[in-house]
Each structure stands twice: as structure tokens, then as C-alpha cells.
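Novice: This is input27.txt, which holds compact mmCIF, C-alpha atoms:
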```
# COMPACT_ATOMS: atom_id res chain seq x y z
CA MET A 1 49.52 33.24 85.22
CA ARG A 2 50.69 36.07 83.00
CA MET A 3 53.82 35.13 81.07
CA THR A 4 56.50 37.80 81.31
CA ALA A 5 59.76 37.93 79.39
CA ALA A 6 61.75 37.30 82.58
CA ILE A 7 59.97 33.99 83.26
CA ALA A 8 60.14 32.93 79.61
CA GLY A 9 63.86 33.76 79.46
CA GLY A 10 64.51 31.71 82.57
CA ILE A 11 62.65 28.71 81.15
CA PHE A 12 64.55 29.02 77.85
CA GLY A 13 67.85 29.04 79.71
CA LEU A 14 66.99 25.85 81.60
CA LEU A 15 65.74 24.20 78.39
CA GLY A 16 68.97 25.13 76.59
CA ALA A 17 71.06 23.51 79.29
CA ALA A 18 68.72 20.50 79.55
CA GLY A 19 68.80 19.96 75.80
CA GLN A 20 72.51 19.30 76.00
CA ALA A 21 72.40 17.44 79.31
CA PHE A 22 69.52 15.03 78.75
CA PHE A 23 68.48 15.07 75.08
CA HIS A 24 71.84 14.35 73.38
CA VAL A 25 71.95 17.66 71.46
CA ILE A 26 75.75 17.42 71.33
CA PRO A 27 78.31 17.76 69.63
CA PRO A 28 79.04 20.67 69.38
CA PRO A 29 78.60 21.76 73.02
CA ALA A 30 76.18 24.55 74.02
CA TYR A 31 73.92 23.66 71.07
CA GLY A 32 70.68 23.13 72.99
CA ILE A 33 68.92 26.17 71.57
CA CYS A 34 70.01 28.05 68.48
CA ILE A 35 67.86 29.61 65.83
CA ALA A 36 70.45 30.31 63.15
CA CYS A 37 72.42 27.07 63.60
CA HIS A 38 69.42 24.76 63.67
CA MET A 39 67.95 26.53 60.64
CA ARG A 40 71.32 26.15 58.90
CA ASP A 41 71.46 22.43 59.75
CA MET A 42 67.95 21.88 58.43
CA VAL A 43 68.47 23.87 55.23
CA ASN A 44 71.84 22.28 54.51
CA TRP A 45 70.53 18.76 55.17
CA VAL A 46 67.60 19.26 52.80
CA THR A 47 69.70 20.97 50.11
CA ALA A 48 72.44 18.37 50.28
CA HIS A 49 69.90 15.56 49.90
CA ILE A 50 68.26 17.24 46.91
CA SER A 51 71.55 18.10 45.24
CA PRO A 52 74.92 17.75 47.01
CA ILE A 53 76.08 21.31 46.28
CA TYR A 54 78.76 21.21 48.99
CA GLY A 55 80.44 18.21 47.37
CA LEU A 56 81.21 14.67 48.41
CA LYS A 57 83.84 13.23 50.71
CA ALA A 58 86.42 10.78 49.41
CA SER A 59 84.36 7.95 50.91
CA GLY A 60 81.34 9.04 48.86
CA ALA A 61 79.40 10.45 51.84
CA MET A 62 77.78 13.86 51.47
CA ILE A 63 79.37 16.96 53.01
CA ILE A 64 76.70 18.66 55.14
CA PRO A 65 78.17 21.74 56.85
CA GLY A 66 76.80 22.25 60.35
CA GLY A 67 76.68 20.55 63.72
CA PRO A 68 77.71 16.87 63.66
CA VAL A 69 74.53 16.08 65.64
CA SER A 70 72.47 16.95 62.55
CA TYR A 71 74.35 14.76 60.08
CA ASN A 72 71.88 11.85 59.97
CA PHE A 73 68.72 13.79 60.65
CA PRO A 74 68.51 17.54 61.28
CA LEU A 75 67.33 19.18 64.49
CA LEU A 76 63.75 20.42 64.16
CA THR A 77 63.66 23.34 66.59
CA ILE A 78 62.54 25.73 63.84
CA VAL A 79 59.50 23.59 62.97
CA GLY A 80 58.62 23.35 66.65
CA ILE A 81 58.92 27.09 67.20
CA LEU A 82 56.73 27.89 64.19
CA ILE A 83 54.04 25.35 65.22
CA GLY A 84 54.14 26.48 68.85
CA ALA A 85 53.86 30.15 67.92
CA VAL A 86 51.01 29.50 65.48
CA ILE A 87 49.17 27.59 68.23
CA ALA A 88 49.77 30.40 70.73
CA ALA A 89 48.71 33.08 68.26
CA SER A 90 45.52 31.33 67.17
CA VAL A 91 44.47 30.19 70.66
CA ASN A 92 44.80 33.77 71.90
CA LYS A 93 43.32 35.27 68.70
CA GLU A 94 46.39 37.32 67.81
CA PHE A 95 46.83 35.95 64.29
CA LYS A 96 46.43 38.67 61.67
CA TRP A 97 47.99 39.16 58.21
CA LYS A 98 50.01 42.38 58.30
CA VAL A 99 52.98 44.18 56.76
CA MET A 100 55.34 46.46 58.67
CA ARG A 101 54.79 50.13 57.79
CA VAL A 102 58.32 51.58 57.67
CA TRP A 103 60.20 51.09 54.41
CA TRP A 104 63.20 49.27 55.88
CA GLN A 105 60.85 46.62 57.27
CA LYS A 106 58.84 46.11 54.08
CA PRO A 107 59.12 42.53 52.76
CA TRP A 108 61.69 43.28 50.01
CA ALA A 109 64.05 44.92 52.52
CA GLU A 110 63.55 42.20 55.15
CA PHE A 111 64.63 39.63 52.56
CA PHE A 112 68.11 41.21 52.34
CA LEU A 113 68.22 41.85 56.08
CA GLY A 114 67.49 38.15 56.61
CA ILE A 115 70.44 37.17 54.42
CA LEU A 116 72.75 39.63 56.17
CA VAL A 117 71.67 38.55 59.66
CA MET A 118 72.21 34.88 58.81
CA ILE A 119 75.67 35.55 57.36
CA SER A 120 76.78 37.59 60.38
CA ALA A 121 75.27 35.04 62.78
CA LEU A 122 77.07 32.10 61.18
CA THR A 123 80.31 34.11 60.99
CA PHE A 124 80.81 33.55 64.69
CA GLY A 125 78.61 30.53 65.13
CA GLY A 126 75.32 31.51 66.65
CA CYS A 127 72.24 33.68 66.79
CA PRO A 128 71.77 35.89 69.89
CA VAL A 129 70.20 32.94 71.75
CA ARG A 130 73.14 30.62 71.24
CA THR A 131 75.62 33.42 71.81
CA ALA A 132 74.09 33.87 75.27
CA LEU A 133 74.17 30.10 75.80
CA LYS A 134 77.84 29.93 74.72
CA ALA A 135 78.67 32.90 76.92
CA VAL A 136 77.42 31.10 80.03
CA TYR A 137 79.23 27.97 78.85
CA LEU A 138 82.19 30.28 79.60
CA ASP A 139 83.47 30.61 76.06
CA ILE A 140 85.46 33.86 76.01
CA THR A 141 84.94 34.63 72.30
CA ALA A 142 81.16 34.31 72.80
CA ILE A 143 81.33 36.81 75.67
CA ILE A 144 83.12 39.20 73.30
CA GLY A 145 80.45 38.44 70.69
CA LEU A 146 77.64 39.21 73.14
CA ILE A 147 79.23 42.55 74.00
CA MET A 148 79.62 43.30 70.27
CA ILE A 149 75.93 42.51 69.71
CA GLY A 150 75.20 45.19 72.31
CA VAL A 151 77.47 47.64 70.45
CA GLY A 152 75.82 46.72 67.14
CA VAL A 153 72.36 47.31 68.57
CA PHE A 154 73.51 50.66 69.98
CA VAL A 155 74.75 51.80 66.54
CA GLY A 156 71.57 50.39 64.98
CA CYS A 157 69.48 52.48 67.39
CA GLN A 158 71.34 55.64 66.34
CA VAL A 159 70.58 54.78 62.68
CA LEU A 160 66.94 54.09 63.54
CA ARG A 161 66.68 57.51 65.19
CA LYS A 162 68.03 59.11 61.98
CA LEU A 163 65.73 57.08 59.73
CA SER A 164 62.49 57.68 61.61
CA MET B 1 70.51 6.39 64.06
CA ASP B 2 69.77 8.45 67.14
CA LEU B 3 66.41 10.09 66.67
CA LEU B 4 66.23 11.54 70.20
CA PRO B 5 67.74 14.97 69.35
CA PRO B 6 65.29 15.81 66.51
CA ILE B 7 62.27 14.63 68.51
CA ALA B 8 63.43 16.40 71.66
CA THR B 9 64.21 19.64 69.82
CA ILE B 10 60.79 19.72 68.15
CA PHE B 11 59.21 19.66 71.64
CA LEU B 12 61.72 22.21 72.97
CA GLY B 13 60.75 24.34 69.98
CA LEU B 14 57.04 23.95 70.70
CA ILE B 15 57.51 25.16 74.28
CA MET B 16 59.77 28.01 73.14
CA GLY B 17 57.38 29.08 70.42
CA TYR B 18 54.37 29.10 72.73
CA LEU B 19 56.10 30.95 75.60
CA GLY B 20 57.93 33.30 73.20
CA GLN B 21 54.64 34.35 71.62
CA ARG B 22 52.99 34.95 74.98
CA ALA B 23 55.92 36.89 76.42
CA ARG B 24 56.98 38.80 73.24
CA MET B 25 60.46 37.46 74.00
CA CYS B 26 63.29 39.07 72.03
CA PHE B 27 66.98 39.18 72.82
CA VAL B 28 68.00 42.07 70.57
CA GLY B 29 64.73 43.86 71.30
CA GLY B 30 65.62 43.98 74.99
CA MET B 31 68.82 45.93 74.34
CA ARG B 32 67.07 48.15 71.77
CA ASP B 33 64.21 49.04 74.10
CA TYR B 34 66.69 49.80 76.85
CA TYR B 35 68.76 52.15 74.66
CA LEU B 36 65.79 53.86 73.00
CA VAL B 37 63.14 54.19 75.71
CA LYS B 38 64.81 52.78 78.89
CA ASP B 39 62.20 50.00 79.00
CA THR B 40 63.52 47.00 80.98
CA TYR B 41 60.71 44.47 80.32
CA LEU B 42 62.54 42.52 77.59
CA ILE B 43 66.11 42.89 78.84
CA LYS B 44 65.07 41.15 82.05
CA GLY B 45 64.40 38.14 79.83
CA LEU B 46 67.99 38.22 78.56
CA PHE B 47 69.41 38.37 82.07
CA ALA B 48 67.05 35.64 83.27
CA PHE B 49 68.23 33.50 80.35
CA LEU B 50 71.89 34.03 81.27
CA VAL B 51 71.34 33.30 84.98
CA CYS B 52 69.14 30.22 84.46
CA ALA B 53 71.34 28.73 81.75
CA LEU B 54 74.41 29.18 83.95
CA ALA B 55 72.57 27.58 86.89
CA GLY B 56 71.44 24.78 84.59
CA PHE B 57 74.95 24.03 83.36
CA ILE B 58 76.39 24.14 86.88
CA LEU B 59 73.70 21.80 88.24
CA PHE B 60 73.38 19.40 85.30
CA GLN B 61 77.12 18.75 85.05
CA PHE B 62 76.82 16.61 88.19
CA VAL B 63 74.10 14.37 86.74
CA SER B 64 74.87 14.28 83.01
CA PRO B 65 78.10 13.17 81.29
CA ALA B 66 77.22 15.41 78.30
CA ILE B 67 78.43 18.57 80.10
CA LYS B 68 81.95 17.35 80.84
CA THR B 69 83.52 20.32 79.01
CA PHE B 70 81.51 22.87 81.01
CA PRO B 71 83.92 25.67 81.91
CA TRP B 72 84.95 25.80 78.26
CA PHE B 73 87.96 28.07 78.71
CA LEU B 74 89.42 25.45 81.09
CA ASP B 75 88.41 22.22 79.33
CA GLY B 76 88.03 23.30 75.70
CA GLY B 77 91.76 23.14 75.06
CA GLU B 78 91.82 19.36 75.63
CA VAL B 79 89.06 18.88 73.06
CA PHE B 80 91.08 20.82 70.51
CA ALA B 81 94.32 19.05 71.42
CA LYS B 82 92.65 15.67 70.78
CA LYS B 83 91.20 16.86 67.47
CA TRP B 84 94.52 18.30 66.32
CA ALA B 85 96.39 15.13 67.25
CA GLY B 86 94.06 13.27 64.90
CA MET B 87 94.67 15.84 62.14
CA GLY B 88 98.43 15.89 62.59
CA VAL B 89 98.57 19.59 63.55
CA THR B 90 100.93 20.68 66.29
CA ALA B 91 99.70 23.77 68.16
CA SER B 92 99.23 24.69 71.81
CA PRO B 93 95.59 24.95 72.94
CA SER B 94 94.52 28.43 74.01
CA SER B 95 91.78 29.38 76.45
CA LEU B 96 90.46 31.81 73.82
CA LEU B 97 89.36 29.11 71.38
CA PRO B 98 85.58 29.06 70.93
CA VAL B 99 82.98 26.34 71.22
CA PRO B 100 82.79 24.70 67.76
CA GLY B 101 80.27 26.22 65.40
CA ASP B 102 82.00 29.02 63.54
CA PRO B 103 83.56 28.65 60.09
CA ILE B 104 87.21 28.22 61.11
CA THR B 105 86.49 26.37 64.34
CA TRP B 106 89.45 24.03 64.15
CA SER B 107 91.99 26.73 63.35
CA PRO B 108 94.47 27.17 66.22
CA LYS B 109 94.68 30.96 65.74
CA ALA B 110 92.89 32.65 68.66
CA TRP B 111 93.12 36.15 67.12
CA ALA B 112 91.16 34.98 64.07
CA HIS B 113 88.30 33.79 66.28
CA ILE B 114 88.24 37.10 68.16
CA THR B 115 88.16 39.03 64.86
CA LEU B 116 85.24 36.90 63.70
CA ALA B 117 83.41 37.42 67.00
CA ILE B 118 83.83 41.20 66.73
CA VAL B 119 82.78 41.44 63.07
CA GLY B 120 79.97 38.89 63.31
CA GLY B 121 78.63 40.18 66.61
CA PHE B 122 78.52 43.75 65.39
CA GLY B 123 76.80 42.78 62.14
CA LEU B 124 74.31 40.57 63.96
CA GLY B 125 73.35 43.30 66.41
CA PHE B 126 73.18 46.03 63.78
CA PHE B 127 71.13 44.19 61.14
CA SER B 128 68.83 42.55 63.71
CA CYS B 129 68.13 45.97 65.20
CA ILE B 130 67.22 47.39 61.78
CA ALA B 131 65.12 44.30 60.95
CA GLY B 132 63.10 44.85 64.12
CA GLY B 133 63.99 41.83 66.25
CA CYS B 134 66.34 38.92 66.71
CA PRO B 135 65.87 35.80 64.53
CA PHE B 136 63.78 34.16 67.27
CA ARG B 137 61.36 37.09 67.36
CA GLN B 138 61.10 37.04 63.56
CA HIS B 139 59.94 33.40 63.69
CA ILE B 140 57.26 34.34 66.22
CA MET B 141 56.16 37.31 64.11
CA ALA B 142 56.01 35.10 61.00
CA ALA B 143 53.70 32.76 62.91
CA GLU B 144 51.59 35.76 63.93
CA GLY B 145 51.04 36.60 60.27
CA SER B 146 53.60 39.33 59.53
CA LYS B 147 54.42 39.11 55.81
CA SER B 148 57.68 40.99 56.38
CA ALA B 149 58.83 38.31 58.81
CA ILE B 150 57.85 35.48 56.45
CA VAL B 151 59.99 37.00 53.69
CA TYR B 152 62.75 37.51 56.29
CA LEU B 153 62.70 33.76 56.99
CA VAL B 154 63.12 33.00 53.28
CA GLY B 155 66.17 35.26 53.21
CA PHE B 156 67.36 33.70 56.45
CA ALA B 157 67.30 30.20 54.97
CA LEU B 158 68.94 31.38 51.75
CA GLY B 159 71.64 33.14 53.80
CA ALA B 160 72.77 29.77 55.19
CA ILE B 161 73.43 28.42 51.71
CA ILE B 162 75.16 31.64 50.60
CA PHE B 163 77.31 31.55 53.72
CA HIS B 164 78.53 27.97 53.34
CA ARG B 165 78.92 28.19 49.58
CA PHE B 166 80.69 31.57 49.27
CA VAL B 167 81.46 33.34 52.56
CA ALA B 168 83.00 30.49 54.58
CA PRO B 169 85.63 29.64 51.90
CA LEU B 170 86.44 33.36 51.73
CA ILE B 171 86.89 33.59 55.51
CA LYS B 172 89.06 30.47 55.47
CA ALA B 173 91.19 31.93 52.68
CA VAL B 174 91.64 35.28 54.44
CA LEU B 175 92.13 34.17 58.07
CA GLY B 176 92.83 30.43 57.61
```
Rewrite the structure from the file as C-alpha cells, please.
Specialist:
Amino acid sequence: MRMTAAIAGGIFGLLGAAGQAFFHVIPPPAYGICIACHMRDMVNWVTAHISPIYGLKASGAMIIPGGPVSYNFPLLTIVGILIGAVIAASVNKEFKWKVMRVWWQKPWAEFFLGILVMISALTFGGCPVRTALKAVYLDITAIIGLIMIGVGVFVGCQVLRKLS
Amino acid sequence: MDLLPPIATIFLGLIMGYLGQRARMCFVGGMRDYYLVKDTYLIKGLFAFLVCALAGFILFQFVSPAIKTFPWFLDGGEVFAKKWAGMGVTASPSSLLPVPGDPITWSPKAWAHITLAIVGGFGLGFFSCIAGGCPFRQHIMAAEGSKSAIVYLVGFALGAIIFHRFVAPLIKAVLG
């Protein structure tokens, strides 16, 4: 069967809900799938265990900013996604070293874009995937956020038209 | 120590990574393709995600106790009221308070959360569009061998530390 984006999106949606319902990925709610938050949890957990840069609580426990579910051991969605995508790419012979051609997608520019995307994502608590998940959890600020992502992409498209 | 969430999420991630690579799934890319070339292949994925996740939440709330706060704008206020009672803050819960996860989650000011949603959402859409895909798509592209996406992931991880070390205290000081 050919995998289309519509089928994949549907499966992701069910997995996101099932992650919270059956696999204890809570608290916070609507946390089943998130790229930015799970990356943040993993990075903060590792950094805090190497050197507690966020400080210590009065009880002596480390402060690890992020979802409470990741306090003892972080969620490993990112590792899973990378392994799964490498498997898919190598099985279907699509793995190839490459660099994007346009200057704003050269590695040095993507480094700063990565930082900016992460900061804006964490500002309202989620990457586009979790924003969609929060929006159907009927969180009104996430619905506003999803609409604003659409506005941001629209402005970004106008800039892309000017750049290219 | 509950090890179920990490083990479960690694398998969720495996499925997502495999299907995402096969389907070229991208959330921001769907909107971008629709605006630029009126292509609806990817945006169907976004709508399918919304519909299936909503169906999942509605169905699973009957079988799982973990979804007891499902219509968040109805039930979220109680969660906050309980938390505030423990912290000694007196404030009335509002239906506009978000699911926890943003930097001033436990602040009772609804307007601050809406400001953050507007600023963060706009920045997320704009920068993701310039970068050529949402964070999920960048992970897939990194696994496909794009050096740009690999460097993006390094910046992405560094951004988390910068955010919690410098930006979150700033946001708390300004909006508190």
C-alpha cells in the first residue's frame, strides 16, 4: 500500500491520543507526540545530569525544566524518530548525503533557524505537532497558536517569494 | 520508576519516523504548499491528524482514566484551581488557560498566555517556513542525509538550553 500524508497524519493522531491514554505519557496532558518538547526534555535531562545549570531545589534535587513525566527518565521519541527514519530511508534506498542549495538553507543558516524555531516553539509550549494535538484537546490558546502558525507561514511564503 | 513512557515513546517514534519518511509528512509544509502552489497533498495530513486525534480523545476517554481533563476549556480550570490552592494563590480559573507546557503555565493571567500564543505561533510558522519544514520534517531529512537538517538539529537542541536559561526568565519577568 502506498503511504500518503493523509493516512500517516491519521495514524499520528491516533498514536498521539493513545500515548496519553494507554502509555502514561502524562502529565502534562496532550503530550503524546511533541518534537520540540520531547527534545527539550531529553536535552535538559542530559545537561542537568552532566552539570546542573538550572540549579538545585531546596531539597537538593535537580531542577529539570520540562514535562514532569520526563523527570526520572526522559521520553525518547526523538531517538525513535531518527532510527525509524534511517531504517525507512535505507530500506527504500533514499539515503544520500546532500546540502540544500539556497543560501538560507545552507548549514550555517539552518543552525540559527533551528535555535529560533526552538525558542518560538517553547514560548507557547509545543511544536506544530503538539499544537495540533493541544488544539483538539480543546485548549483555546493552542487553537489561537495554530491559526498564528498559519499566519506565520503565510508571511514566510511572501518572504520566500521575494528571496527566490 | 515508571519506565513505560520512555519505552512506549521510542516505539511511537519508530512508527512515526518510518511512516513520516514514506509519506513526506510535514505540518508546516502542508500550509506552505497550499499557499504557494495550491497543492493539497500535505495539508490533508494535517486535517487527518486533527480529525483522528479528536476521535481518539473522544473514544479513549471512556476507557482510560488518563484523559479525564479532555475538554480542557471545561475541565482545565479545576486542575489550575487545585494547583493554586497548593501554592497559596487566590485567582479564579479561566477557560482561556492553556494545557501546561509553556513558560508561565501556572500564571493566572489569561492575556499573557494569549500574547505568548500569538508571538510564539507566528515565530514558529515564519521560521519553520524559511527553514523548509516543521521540526518533525527536519528530523526525517536529517535521517535521509541532509547536512543542513543535521546542523538544524544541533541548533534545535541548543535552543532548548538557551530558552530555559535566558528567555524563560525574561518572559516571566515581563509578563509574570
Novice: Pick from A:Gly152, A:Pro128, A:Gly114, A:Pro28: nearest to Ala157 (chain B), with all atoms listed in the file counted?
Specialist: A:Gly114
Novice: Could you check which residues have any atom within 12 Å of (71.9, 16.5, 52.5), counting only C-alpha atoms with coordinates taken straight from the file, and then list them as a list in words?
Specialist: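 Within 12 Å of (71.9, 16.5, 52.5), the protein and nucleic acid residues are Arg40, Asp41, Met42, Val43, Asn44, Trp45, Val46, Thr47, Ala48, His49, Ile50, Ser51, Pro52, Ile53, Tyr54, Gly55, Leu56, Ala61, Met62, Ile63, Ile64, Pro65, Gly66, Ser70, Tyr71, Asn72, Phe73 and Pro74 of chain A.
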Novice: Between B:Phe166, B:Tyr41, B:Tyr35, B:Phe127, which residue has the minimum interatomic distance to Ala109 (chain A), considering only C-alpha atoms?
Specialist: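 Of B:Phe166, B:Tyr41, B:Tyr35, B:Phe127, the one nearest Ala109 (chain A) is B:Phe127, counting only C-alpha atoms.
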Novice: List the spatial neighbours of Ile15 (chain B) as JSON, numbers by chain - criterion: any atom at most 8 Å away, only C-alpha atoms, same-chain residues fewer than 3 positions off excluded.
Specialist: {"A": [80, 81, 84], "B": [11, 12, 18, 19]}
Novice: Okay, now the selection with C-alpha atoms, as a PDB file, in the frame of the given file?
Specialist:
```
ATOM      1  CA  GLY A  80      58.620  23.350  66.650  1.00  0.00           C
ATOM      2  CA  ILE A  81      58.920  27.090  67.200  1.00  0.00           C
ATOM      3  CA  GLY A  84      54.140  26.480  68.850  1.00  0.00           C
TER       4      GLY A  84
ATOM      5  CA  PHE B  11      59.210  19.660  71.640  1.00  0.00           C
ATOM      6  CA  LEU B  12      61.720  22.210  72.970  1.00  0.00           C
ATOM      7  CA  TYR B  18      54.370  29.100  72.730  1.00  0.00           C
ATOM      8  CA  LEU B  19      56.100  30.950  75.600  1.00  0.00           C
TER       9      LEU B  19
END
```
Novice: Using all atoms listed in the file, determine which residues lie at most 12 Å from Gly16 (chain A), disregarding the query and same-chain residues fewer than 6 positions distant; provide the list as a ChimeraX atom specification.
Specialist: /A:9-10,22-26,29-35,77,129-134,136-137 /B:8-9,12-13,15-16,49-57,60
Novice: So what do you get for CA of Phe62 (chain B) versus CA of Leu15 (chain A), distance-wise?
Specialist: 16.6 Å
Novice: Return as a Markdown table the residues of region 14-130 of chain B lying at most 12 Å from region 144-147 of chain B, together with the closest atom-to-atom pair for each and the distance in Å to one decimal, counting only C-alpha atoms, with rows in chain order and ascending residue number.
Specialist:
```
| residue | atom | partner | partner_atom | distance |
| --- | --- | --- | --- | --- |
| B:Gly17 | CA | B:Glu144 | CA | 11.0 |
| B:Tyr18 | CA | B:Glu144 | CA | 11.4 |
| B:Gly20 | CA | B:Glu144 | CA | 11.5 |
| B:Gln21 | CA | B:Glu144 | CA | 8.4 |
| B:Arg22 | CA | B:Glu144 | CA | 11.2 |
| B:Arg24 | CA | B:Glu144 | CA | 11.2 |
```
Novice: Set the distance at 12 Å and use only C-alpha atoms: which residues neighbour Ser128 (chain B) once local chain neighbours fewer than 6 positions away are removed? I'd like the list as a VMD selection string.
Specialist: (chain A and resid 104 to 105 110 112 to 121 127 to 128 149 to 150 152 to 157 160) or (chain B and resid 26 to 32 120 to 122 134 to 138 149 152 156)
Novice: Find the distance between CA of Ala160 (chain B) and CA of Trp108 (chain A) and write it in Å to one decimal.
Specialist: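 Atom-to-atom, CA of Ala160 (chain B) to CA of Trp108 (chain A), that is 18.2 Å.
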Novice: Rank A:Leu138, A:Leu82, A:Val69, A:Cys37 by their smallest atom-to-atom distance to Ile58 (chain B), using all atoms listed in the file, and report the top residue only.
Specialist: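 Ranking A:Leu138, A:Leu82, A:Val69, A:Cys37 by distance to Ile58 (chain B), first place goes to A:Leu138.
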Novice: At what distance in Å, to one decimal, does CA of Ile7 (chain B) lie from CA of Ala18 (chain A)?
Specialist: 14.1 Å
Novice: Could you give me the centre and size, in Å to one decimal, of an axis-aligned box around all listed atoms of region 15-28 of chain A with 5 Å added on every side, as JSON?
Specialist:
```
{"center_x": 72.4, "center_y": 19.7, "center_z": 74.5, "size_x": 23.3, "size_y": 20.8, "size_z": 20.2}
```
Novice: Pick the closest to chain A from B:His164, B:Lys38, B:Lys172, B:Lys83: which is it, counting only C-alpha atoms?
Specialist: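 Nearest to chain A: B:His164.
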Novice: In terms of the shortest atom-to-atom distance over all atoms listed in the file, which of A:Met100, A:Leu163, A:Ala85, A:Thr141 is closest to Trp111 (chain B)?
Specialist: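 Smallest separation from Trp111 (chain B) among the options: A:Thr141.
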Novice: Using all atoms listed in the file, what residues lie at most 10 Å away from (91.7, 35.1, 57.5) (file coordinates), given as number ranges by chain?
Specialist: B: 104, 109, 111-113, 115-116, 169-176
